[in-house]
file data_36.cif (mmCIF, C-alpha atoms and all ligand atoms)
data_input
loop_
_atom_site.label_atom_id
_atom_site.label_comp_id
_atom_site.auth_asym_id
_atom_site.auth_seq_id
_atom_site.Cartn_x
_atom_site.Cartn_y
_atom_site.Cartn_z
CA SER U 111 4.30 -4.75 -26.12
CA GLU U 112 1.21 -4.58 -28.31
CA VAL U 113 0.20 -8.13 -27.53
CA ARG U 114 -2.66 -8.56 -25.09
CA PRO U 115 -1.32 -10.43 -22.03
CA SER U 116 -2.40 -14.03 -21.51
CA SER U 117 -5.19 -14.88 -19.07
CA ASP U 118 -4.35 -18.61 -19.04
CA MET U 119 -4.57 -19.48 -15.34
CA ALA U 120 -3.37 -23.08 -15.80
CA ALA U 121 -0.23 -21.85 -17.57
CA PHE U 122 0.42 -19.29 -14.82
CA ARG U 123 -0.09 -21.88 -12.08
CA ALA U 124 2.52 -24.07 -13.76
CA GLU U 125 4.97 -21.16 -13.59
CA VAL U 126 4.15 -20.71 -9.88
CA ARG U 127 5.06 -24.35 -9.24
CA ASN U 128 8.46 -23.81 -10.91
CA ALA U 129 9.29 -20.57 -9.14
CA SER U 130 11.68 -20.37 -6.21
CA HIS U 131 11.64 -16.68 -5.32
CA VAL U 132 8.30 -14.96 -5.75
CA LEU U 133 7.73 -11.22 -5.38
CA ILE U 134 4.21 -10.00 -4.68
CA LEU U 135 3.74 -6.29 -5.21
CA SER U 136 0.45 -5.07 -3.74
CA GLY U 137 -1.65 -1.92 -3.67
CA ALA U 138 -4.92 -0.70 -2.22
CA GLY U 139 -6.98 -3.09 -4.38
CA VAL U 140 -5.78 -6.08 -2.32
CA SER U 141 -7.48 -4.54 0.74
CA ALA U 142 -10.62 -3.33 -1.05
CA GLU U 143 -12.53 -6.52 -0.26
CA SER U 144 -11.69 -6.00 3.42
CA GLY U 145 -13.67 -2.76 3.20
CA ILE U 146 -10.70 -0.38 3.04
CA PRO U 147 -11.28 2.43 0.53
CA THR U 148 -8.84 2.64 -2.42
CA PHE U 149 -7.27 5.96 -3.44
CA ARG U 150 -8.37 6.52 -6.99
CA GLY U 151 -11.84 6.28 -8.44
CA ALA U 152 -15.21 7.13 -6.92
CA GLY U 153 -14.54 5.54 -3.51
CA GLY U 154 -11.31 7.50 -3.09
CA PHE U 155 -12.80 10.50 -1.29
CA TRP U 156 -12.66 11.35 2.42
CA ARG U 157 -15.10 14.22 2.87
CA THR U 158 -14.50 16.40 -0.20
CA TYR U 159 -10.83 15.50 -0.39
CA GLN U 160 -8.94 13.04 -2.54
CA ALA U 161 -6.05 11.34 -0.78
CA GLN U 162 -3.39 13.28 -2.69
CA GLU U 163 -4.81 16.56 -1.31
CA LEU U 164 -4.18 15.41 2.28
CA ALA U 165 -1.29 12.98 1.82
CA ASN U 166 1.26 15.72 1.24
CA PRO U 167 3.55 17.81 3.47
CA ASP U 168 1.93 21.17 2.60
CA ALA U 169 -1.50 19.99 3.72
CA PHE U 170 0.01 18.94 7.07
CA LYS U 171 1.74 22.31 7.49
CA ARG U 172 -1.44 24.20 6.62
CA ASN U 173 -3.87 22.15 8.68
CA PRO U 174 -2.26 19.42 10.78
CA SER U 175 -5.56 18.92 12.60
CA LEU U 176 -7.39 18.03 9.37
CA VAL U 177 -4.66 15.64 8.22
CA TRP U 178 -4.60 13.99 11.67
CA GLU U 179 -8.41 13.58 11.52
CA PHE U 180 -7.98 11.77 8.20
CA TYR U 181 -5.34 9.37 9.55
CA HIS U 182 -7.15 8.93 12.87
CA TYR U 183 -10.27 7.89 10.93
CA ARG U 184 -8.25 5.35 8.95
CA ARG U 185 -6.56 3.95 12.10
CA GLU U 186 -9.89 3.48 13.85
CA LEU U 187 -11.42 1.91 10.72
CA MET U 188 -8.76 -0.83 10.83
CA VAL U 189 -10.03 -2.03 14.21
CA THR U 190 -13.24 -3.16 12.50
CA LYS U 191 -11.58 -4.72 9.41
CA ARG U 192 -9.73 -7.95 8.78
CA PRO U 193 -7.55 -9.59 6.11
CA ASN U 194 -9.48 -11.08 3.17
CA PRO U 195 -8.89 -14.28 1.15
CA ALA U 196 -6.22 -12.56 -0.99
CA HIS U 197 -4.06 -11.62 2.03
CA GLU U 198 -4.67 -15.06 3.51
CA ALA U 199 -3.73 -16.96 0.34
CA ILE U 200 -0.51 -14.92 0.06
CA ALA U 201 0.44 -15.71 3.67
CA ARG U 202 -0.34 -19.42 3.23
CA PHE U 203 1.67 -19.49 0.01
CA GLU U 204 4.74 -18.07 1.79
CA GLU U 205 4.43 -20.76 4.45
CA GLU U 206 4.08 -23.59 1.89
CA MET U 207 6.98 -22.30 -0.19
CA ALA U 208 9.19 -21.98 2.91
CA LYS U 209 8.71 -25.71 3.56
CA GLN U 210 10.30 -26.32 0.17
CA GLY U 211 13.14 -23.89 0.87
CA LYS U 212 11.60 -21.29 -1.43
CA LYS U 213 11.05 -17.61 -0.82
CA VAL U 214 8.04 -15.31 -1.04
CA VAL U 215 8.29 -11.60 -0.34
CA VAL U 216 5.47 -9.06 -0.22
CA VAL U 217 6.34 -5.52 -1.24
CA THR U 218 3.29 -3.44 -0.39
CA GLN U 219 2.29 0.16 -0.94
CA ASN U 220 -0.39 -0.27 1.70
CA ILE U 221 -0.09 1.18 5.20
CA ASP U 222 -2.91 -0.94 6.70
CA GLU U 223 -0.72 -3.85 7.95
CA LEU U 224 -3.25 -6.42 6.67
CA HIS U 225 -0.55 -8.59 5.07
CA LYS U 226 1.19 -8.91 8.45
CA ARG U 227 -2.11 -9.54 10.23
CA ALA U 228 -2.82 -12.35 7.73
CA GLY U 229 0.49 -13.95 8.71
CA SER U 230 2.89 -12.86 5.97
CA GLN U 231 6.38 -12.85 7.50
CA SER U 232 8.39 -11.15 4.83
CA VAL U 233 6.74 -7.80 4.16
CA ILE U 234 8.36 -4.61 2.91
CA GLU U 235 6.17 -1.57 3.59
CA LEU U 236 7.08 0.99 0.95
CA HIS U 237 4.83 3.81 2.20
CA GLY U 238 5.07 3.29 5.96
CA SER U 239 2.35 2.29 8.41
CA LEU U 240 -0.80 3.77 9.92
CA PHE U 241 0.43 2.44 13.26
CA LYS U 242 3.76 4.29 13.39
CA THR U 243 4.41 7.93 14.14
CA GLN U 244 7.39 10.15 13.48
CA CYS U 245 8.29 13.22 15.52
CA THR U 246 8.55 16.35 13.34
CA VAL U 247 11.20 17.75 15.72
CA CYS U 248 13.49 14.90 16.86
CA PHE U 249 12.43 12.48 14.04
CA GLU U 250 11.99 9.54 16.40
CA ILE U 251 9.85 6.78 14.86
CA LYS U 252 7.59 4.78 17.17
CA GLU U 253 4.94 2.13 16.91
CA ASN U 254 1.62 3.51 18.14
CA ARG U 255 -1.61 1.51 18.47
CA ASP U 256 -3.46 3.81 20.87
CA SER U 257 -7.17 4.18 20.20
CA PRO U 258 -7.78 7.05 19.95
CA ILE U 259 -4.22 8.25 19.36
CA CYS U 260 -5.03 11.33 21.53
CA GLU U 261 -8.07 12.54 23.46
CA ALA U 262 -8.69 15.53 21.20
CA LEU U 263 -9.21 13.21 18.22
CA ARG U 264 -11.72 10.99 20.01
CA GLY U 265 -14.88 10.81 17.89
CA LYS U 266 -13.35 13.00 15.16
CA GLY U 267 -12.60 12.22 11.53
CA ALA U 268 -16.06 11.13 10.41
CA PRO U 269 -15.76 10.77 6.63
CA ASP U 270 -19.01 12.62 5.88
CA ALA U 271 -18.41 15.76 8.01
CA GLU U 272 -17.88 19.03 6.16
CA GLY U 273 -15.39 21.80 5.85
CA GLU U 274 -11.96 22.44 7.25
CA GLY U 275 -12.39 20.00 10.13
CA SER U 276 -12.17 20.40 13.88
CA LYS U 277 -9.20 22.81 13.99
CA ILE U 278 -7.73 21.07 17.01
CA PRO U 279 -4.89 23.21 18.44
CA THR U 280 -1.51 21.63 17.66
CA GLU U 281 -0.75 21.34 21.42
CA SER U 282 -3.62 18.84 21.64
CA LEU U 283 -2.64 16.77 18.60
CA PRO U 284 -0.40 13.70 19.07
CA ARG U 285 2.90 14.78 20.70
CA CYS U 286 6.31 13.16 21.03
CA GLY U 287 6.96 11.29 24.28
CA SER U 288 10.65 12.26 24.15
CA CYS U 289 10.69 15.93 23.12
CA SER U 290 6.95 16.83 23.04
CA GLY U 291 7.23 17.91 19.39
CA LEU U 292 4.28 17.46 17.04
CA LEU U 293 3.99 13.89 15.73
CA ARG U 294 3.01 12.99 12.17
CA PRO U 295 1.94 9.67 10.71
CA HIS U 296 5.00 7.65 9.62
CA VAL U 297 3.85 7.39 6.02
CA VAL U 298 5.32 8.59 2.72
CA TRP U 299 3.49 11.58 1.32
CA PHE U 300 3.61 12.92 -2.23
CA GLY U 301 6.83 14.78 -2.86
CA GLU U 302 8.67 12.86 -0.14
CA GLY U 303 11.33 10.27 -0.86
CA LEU U 304 10.87 6.66 0.20
CA ASN U 305 13.05 5.47 3.09
CA GLU U 306 16.45 4.55 1.66
CA ASP U 307 16.87 1.22 3.50
CA VAL U 308 13.38 0.20 2.43
CA LEU U 309 14.18 1.08 -1.18
CA ILE U 310 17.44 -0.89 -1.10
CA LYS U 311 15.60 -3.95 0.23
CA ALA U 312 12.88 -3.60 -2.38
CA TYR U 313 15.36 -3.26 -5.25
CA LYS U 314 17.21 -6.37 -4.09
CA GLU U 315 13.94 -8.31 -4.25
CA LEU U 316 13.23 -6.91 -7.71
CA GLU U 317 16.61 -8.24 -8.85
CA ASP U 318 16.39 -11.63 -7.16
CA CYS U 319 12.83 -12.74 -7.91
CA ASP U 320 12.03 -15.28 -10.62
CA LEU U 321 8.28 -14.63 -10.67
CA CYS U 322 6.24 -11.54 -9.85
CA LEU U 323 2.58 -10.87 -9.08
CA VAL U 324 1.29 -7.31 -9.11
CA VAL U 325 -1.99 -7.15 -7.26
CA GLY U 326 -4.55 -4.36 -6.90
CA THR U 327 -2.47 -1.34 -7.79
CA SER U 328 -3.27 1.34 -10.36
CA SER U 329 0.48 1.52 -11.19
CA VAL U 330 0.48 5.30 -11.41
CA VAL U 331 2.39 6.28 -8.26
CA TYR U 332 6.19 6.31 -8.54
CA PRO U 333 8.57 4.79 -7.77
CA ALA U 334 6.41 1.68 -7.07
CA ALA U 335 4.74 1.96 -10.49
CA MET U 336 7.97 1.01 -12.24
CA PHE U 337 8.90 -1.97 -10.05
CA ALA U 338 6.94 -4.64 -11.92
CA PRO U 339 7.81 -3.25 -15.37
CA GLU U 340 11.48 -3.38 -14.33
CA VAL U 341 11.13 -7.03 -13.37
CA ALA U 342 9.37 -7.75 -16.67
CA SER U 343 12.16 -6.04 -18.61
CA ARG U 344 14.60 -8.62 -17.19
CA GLY U 345 12.49 -11.27 -18.90
CA VAL U 346 10.89 -12.47 -15.67
CA THR U 347 7.21 -13.44 -15.77
CA VAL U 348 4.89 -10.82 -14.26
CA ALA U 349 1.18 -11.41 -13.72
CA GLU U 350 -1.19 -8.54 -13.03
CA PHE U 351 -4.37 -9.04 -10.97
CA ASN U 352 -6.78 -6.13 -11.18
CA LEU U 353 -10.40 -5.24 -11.84
CA GLU U 354 -9.23 -3.25 -14.84
CA ASP U 355 -6.28 -2.61 -17.15
CA THR U 356 -3.56 -0.24 -15.91
CA PRO U 357 -1.02 1.84 -17.86
CA GLN U 358 1.41 -1.11 -17.38
CA THR U 359 -0.85 -4.00 -18.38
CA PHE U 360 0.71 -4.51 -21.81
CA ASN U 361 4.21 -4.82 -20.28
CA PHE U 362 3.20 -8.01 -18.49
CA LYS U 363 2.93 -11.63 -19.60
CA TYR U 364 -0.35 -12.28 -17.78
CA HIS U 365 -3.34 -10.17 -16.83
CA PHE U 366 -6.14 -11.61 -14.72
CA SER U 367 -9.21 -9.43 -14.57
CA GLY U 368 -11.32 -9.67 -11.41
CA GLN U 369 -11.30 -9.46 -7.63
CA ALA U 370 -8.04 -10.28 -5.89
CA GLY U 371 -9.93 -12.21 -3.20
CA LYS U 372 -11.25 -14.57 -5.85
CA LEU U 373 -8.23 -14.78 -8.16
CA ILE U 374 -5.26 -14.97 -5.77
CA PRO U 375 -6.42 -18.12 -3.90
CA ILE U 376 -6.74 -19.83 -7.29
CA ALA U 377 -3.44 -18.53 -8.65
CA LEU U 378 -1.43 -19.50 -5.54
CA GLY U 379 -3.52 -22.36 -4.21
C1 LIG U 401 -8.81 -4.21 -7.29
C2 LIG U 401 -9.84 -4.47 -6.43
C3 LIG U 401 -10.03 -5.80 -6.12
C4 LIG U 401 -9.78 -2.27 -6.71
N1 LIG U 401 -9.24 -6.69 -6.67
N2 LIG U 401 -7.98 -5.03 -7.85
C5 LIG U 401 7.93 10.14 -11.81
C6 LIG U 401 6.96 10.41 -12.74
C7 LIG U 401 5.81 11.11 -12.36
C8 LIG U 401 5.63 11.53 -11.05
C9 LIG U 401 6.60 11.24 -10.14
C10 LIG U 401 7.72 10.56 -10.52
N3 LIG U 401 8.50 10.39 -9.41
C11 LIG U 401 7.89 10.96 -8.37
C12 LIG U 401 6.71 11.50 -8.77
C13 LIG U 401 5.73 12.21 -7.90
C14 LIG U 401 4.84 11.26 -7.14
C15 LIG U 401 3.98 10.47 -8.11
O1 LIG U 401 4.19 9.31 -8.37
N4 LIG U 401 2.95 11.07 -8.67
C16 LIG U 401 2.05 10.38 -9.61
C17 LIG U 401 0.62 10.41 -9.08
C18 LIG U 401 2.18 10.98 -10.98
N5 LIG U 401 5.61 10.35 -6.28
C19 LIG U 401 6.08 10.71 -5.12
O2 LIG U 401 5.93 11.85 -4.70
C20 LIG U 401 6.82 9.68 -4.32
N6 LIG U 401 8.05 10.22 -3.88
C21 LIG U 401 9.15 10.24 -4.64
O3 LIG U 401 9.21 9.73 -5.73
O4 LIG U 401 10.20 10.90 -4.05
C22 LIG U 401 11.27 11.37 -4.87
C23 LIG U 401 10.75 12.63 -5.56
C24 LIG U 401 10.17 13.61 -4.82
C25 LIG U 401 9.70 14.77 -5.47
C26 LIG U 401 9.76 14.89 -6.84
C27 LIG U 401 10.33 13.84 -7.58
C28 LIG U 401 10.83 12.71 -6.92
C29 LIG U 401 6.07 9.30 -3.06
C30 LIG U 401 4.77 8.66 -3.34
C31 LIG U 401 4.06 8.35 -2.02
C32 LIG U 401 2.64 7.87 -2.25
N7 LIG U 401 1.92 7.99 -1.04
C33 LIG U 401 0.55 7.50 -0.97
C34 LIG U 401 -0.03 7.89 0.41
C35 LIG U 401 0.56 7.02 1.50
C36 LIG U 401 -0.01 7.33 2.82
C37 LIG U 401 -1.51 7.12 2.85
O5 LIG U 401 -2.00 6.02 2.56
O6 LIG U 401 -2.19 8.06 3.21
O7 LIG U 401 0.52 6.09 -1.13
S1 LIG U 401 -0.47 8.09 -2.29
C38 LIG U 401 -1.39 6.62 -2.49
O8 LIG U 401 -1.12 6.04 -3.79
C39 LIG U 401 -0.82 5.64 -1.47
C40 LIG U 401 -0.77 4.37 -2.26
O9 LIG U 401 0.15 3.46 -1.67
C41 LIG U 401 -0.36 4.83 -3.62
C42 LIG U 401 -0.67 3.86 -4.74
O10 LIG U 401 -2.04 3.64 -4.87
P1 LIG U 401 -2.57 2.17 -5.19
O11 LIG U 401 -2.22 1.27 -4.09
O12 LIG U 401 -2.14 1.77 -6.55
O13 LIG U 401 -4.16 2.41 -5.11
P2 LIG U 401 -5.18 2.98 -6.20
O14 LIG U 401 -6.41 3.37 -5.49
O15 LIG U 401 -4.56 3.97 -7.07
O16 LIG U 401 -5.49 1.73 -7.12
C43 LIG U 401 -6.22 0.61 -6.67
C44 LIG U 401 -6.22 -0.42 -7.79
O17 LIG U 401 -6.81 -1.59 -7.31
C45 LIG U 401 -7.01 0.03 -9.03
O18 LIG U 401 -6.24 -0.27 -10.16
C46 LIG U 401 -8.26 -0.84 -8.97
O19 LIG U 401 -8.74 -1.19 -10.27
C47 LIG U 401 -7.75 -2.06 -8.25
N8 LIG U 401 -8.76 -2.76 -7.46
N9 LIG U 401 -10.43 -3.24 -6.09
C48 LIG U 401 -8.24 -6.31 -7.52
N10 LIG U 401 -11.03 -6.15 -5.31
ZN ZN U 402 10.47 14.25 19.39
#
call {"tool": "encode", "arguments": {"input": "data_36.cif", "output": "structure tokens"}}
result
Amino acid sequence: SEVRPSSDMAAFRAEVRNASHVLILSGAGVSAESGIPTFRGAGGFWRTYQAQELANPDAFKRNPSLVWEFYHYRRELMVTKRPNPAHEAIARFEEEMAKQGKKVVVVTQNIDELHKRAGSQSVIELHGSLFKTQCTVCFEIKENRDSPICEALRGKGAPDAEGEGSKIPTESLPRCGSCSGLLRPHVVWFGEGLNEDVLIKAYKELEDCDLCLVVGTSSVVYPAAMFAPEVASRGVTVAEFNLEDTPQTFNFKYHFSGQAGKLIPIALG
């Protein structure tokens, strides 16, 4: 569409009151106010690397120690961070809607688990979790909240250190409890497909929802980038909440410009 989306909050809130199955698609921007770095833009660097340079299978093959330092740093960071008013408003909204027999589902690209920590019950994690591992040999997936995840990573991963990292021997990186194979973070890297069951669940929500909020995502990473546009193309109202326009902004009925932590409590409160 060539028409600038509406920013009429009262009109959007009226649509929220009439909705019975709300889909909330979230990205890194929803966690930014919790102090979690986003991926794109100036804050998106860890050392000299952008996330896409490390969040891919080749980087892990080349230098598993460096990639594990990156994820170890992000796991440890989460211990010091908490959900912000956007996560909290979303969780409260699900609870209120449930009392009226209505449904709210969060489909998140984030791996930080902050929606769950805020109390959201129905969460689909598209890109995995910082707190799960997968064995590269036997493929077993396990929850893992150890801090540090292994002794060799203790104190490693500082975001301002230089170079190729600590070059920890693979024997000393996180290993599988069942087969002792090398573990990797259970997250979806560039060039990898999303888990099929997760995708099926997400697509069902895309089809069933009668209102959609897309919060704090740059809408450039596929397949998630096309989810909200697909909902909009069915004629369902989609509202975007972001600091800035995205490539998808003009496909949506509403665009609210600002911080999720300020806007979401108003939109859903
Ligand atoms: C605020 C705010 C505040 C800030 N309030 N807002 C079709 C076309 C083109 C390319 C492809 C395609 N299909 C597949 C591809 C390749 C690739 C891709 O999409 N590339 C693009 C970059 C072009 N996709 C894949 O590889 C995917 N796999 C796949 O499709 O498999 C099939 C296949 C394979 C091979 C070839 C073809 C098909 C997998 C993608 C996995 C993405 N993984 C990552 C890493 C996860 C693990 C980790 O965290 O380390 O997921 S990448 C990274 O980006 C992470 C995020 O979930 C994801 C999205 O980022 P997000 O959440 O949008 O964050 P930002 O930083 O980009 O944006 C933040 C936004 O918030 C900004 O807009 C701010 O303005 C805003 N904001 N503060 C409100 N306070
Ligand atoms: Zn194993």
call {"tool": "residues_around", "arguments": {"input": "data_36.cif", "residues": "Lys311 (chain U)", "least_positions_apart": "4", "cutoff": "8 Å", "atoms": "all atoms listed in the file", "output": "mmCIF file with C-alpha atoms, in the frame of the given file"}}
result
data_model
loop_
_atom_site.group_PDB
_atom_site.id
_atom_site.type_symbol
_atom_site.label_atom_id
_atom_site.label_comp_id
_atom_site.auth_asym_id
_atom_site.auth_seq_id
_atom_site.Cartn_x
_atom_site.Cartn_y
_atom_site.Cartn_z
ATOM 1 C CA ILE U 234 8.360 -4.610 2.910
ATOM 2 C CA ASP U 307 16.870 1.220 3.500
ATOM 3 C CA GLU U 315 13.940 -8.310 -4.250
#
call {"tool": "residues_near_ligand", "arguments": {"input": "data_36.cif", "ligand": "ligand ZN 402 (chain U)", "cutoff": "12 Å", "atoms": "only C-alpha atoms and all ligand atoms", "output": "VMD selection string"}}
result
chain U and resid 243 to 252 284 to 294
call {"tool": "closest_residue", "arguments": {"input": "data_36.cif", "among": "U:Met188, U:Ile374, U:Ala271, U:Leu304", "to": "ligand LIG 401 (chain U)", "atoms": "all atoms listed in the file"}}
result
U:Leu304
call {"tool": "residues_near_point", "arguments": {"input": "data_36.cif", "point": "(-14.6, 15.1, 10.4)", "cutoff": "8 Å", "atoms": "only C-alpha atoms", "output": "list in words"}}
result
Arg157, Leu176, Glu179, Phe180, Lys266, Gly267, Ala268, Pro269, Asp270, Ala271, Glu272, Gly275 and Ser276 of chain U
call {"tool": "write_last_selection", "arguments": {"input": "data_36.cif", "atoms": "C-alpha atoms", "output": "PDB file, in the frame of the given file"}}
result
ATOM      1  CA  ARG U 157     -15.100  14.220   2.870  1.00  0.00           C
ATOM      2  CA  LEU U 176      -7.390  18.030   9.370  1.00  0.00           C
ATOM      3  CA  GLU U 179      -8.410  13.580  11.520  1.00  0.00           C
ATOM      4  CA  PHE U 180      -7.980  11.770   8.200  1.00  0.00           C
ATOM      5  CA  LYS U 266     -13.350  13.000  15.160  1.00  0.00           C
ATOM      6  CA  GLY U 267     -12.600  12.220  11.530  1.00  0.00           C
ATOM      7  CA  ALA U 268     -16.060  11.130  10.410  1.00  0.00           C
ATOM      8  CA  PRO U 269     -15.760  10.770   6.630  1.00  0.00           C
ATOM      9  CA  ASP U 270     -19.010  12.620   5.880  1.00  0.00           C
ATOM     10  CA  ALA U 271     -18.410  15.760   8.010  1.00  0.00           C
ATOM     11  CA  GLU U 272     -17.880  19.030   6.160  1.00  0.00           C
ATOM     12  CA  GLY U 275     -12.390  20.000  10.130  1.00  0.00           C
ATOM     13  CA  SER U 276     -12.170  20.400  13.880  1.00  0.00           C
TER      14      SER U 276
END
call {"tool": "residues_near_ligand", "arguments": {"input": "data_36.cif", "ligand": "ligand LIG 401 (chain U)", "cutoff": "8 Å", "atoms": "all atoms listed in the file", "output": "PyMOL selection string"}}
result
chain U and resi 136-143+147-151+154+161-162+164-166+181+218-221+236-240+297-304+325-335+351-356+367-371
call {"tool": "closest_residue", "arguments": {"input": "data_36.cif", "among": "U:Lys277, U:His296, U:Pro357, U:Phe337", "to": "Arg172 (chain U)", "atoms": "all atoms listed in the file"}}
result
U:Lys277
call {"tool": "closest_residue", "arguments": {"input": "data_36.cif", "among": "U:His131, U:Pro295, U:Asn361, U:Ser257", "to": "Gly211 (chain U)", "atoms": "only C-alpha atoms"}}
result
U:His131
call {"tool": "closest_residue", "arguments": {"input": "data_36.cif", "among": "U:Glu281, U:Glu306, U:Asp320, U:Glu235", "to": "Glu125 (chain U)", "atoms": "all atoms listed in the file"}}
result
U:Asp320
call {"tool": "axis_aligned_box", "arguments": {"input": "data_36.cif", "around": "region 243-260 of chain U", "padding_each_side": "5 Å", "output": "lines of an AutoDock Vina configuration file"}}
result
center_x = 2.9
center_y = 9.6
center_z = 17.4
size_x = 31.3
size_y = 26.2
size_z = 18.2
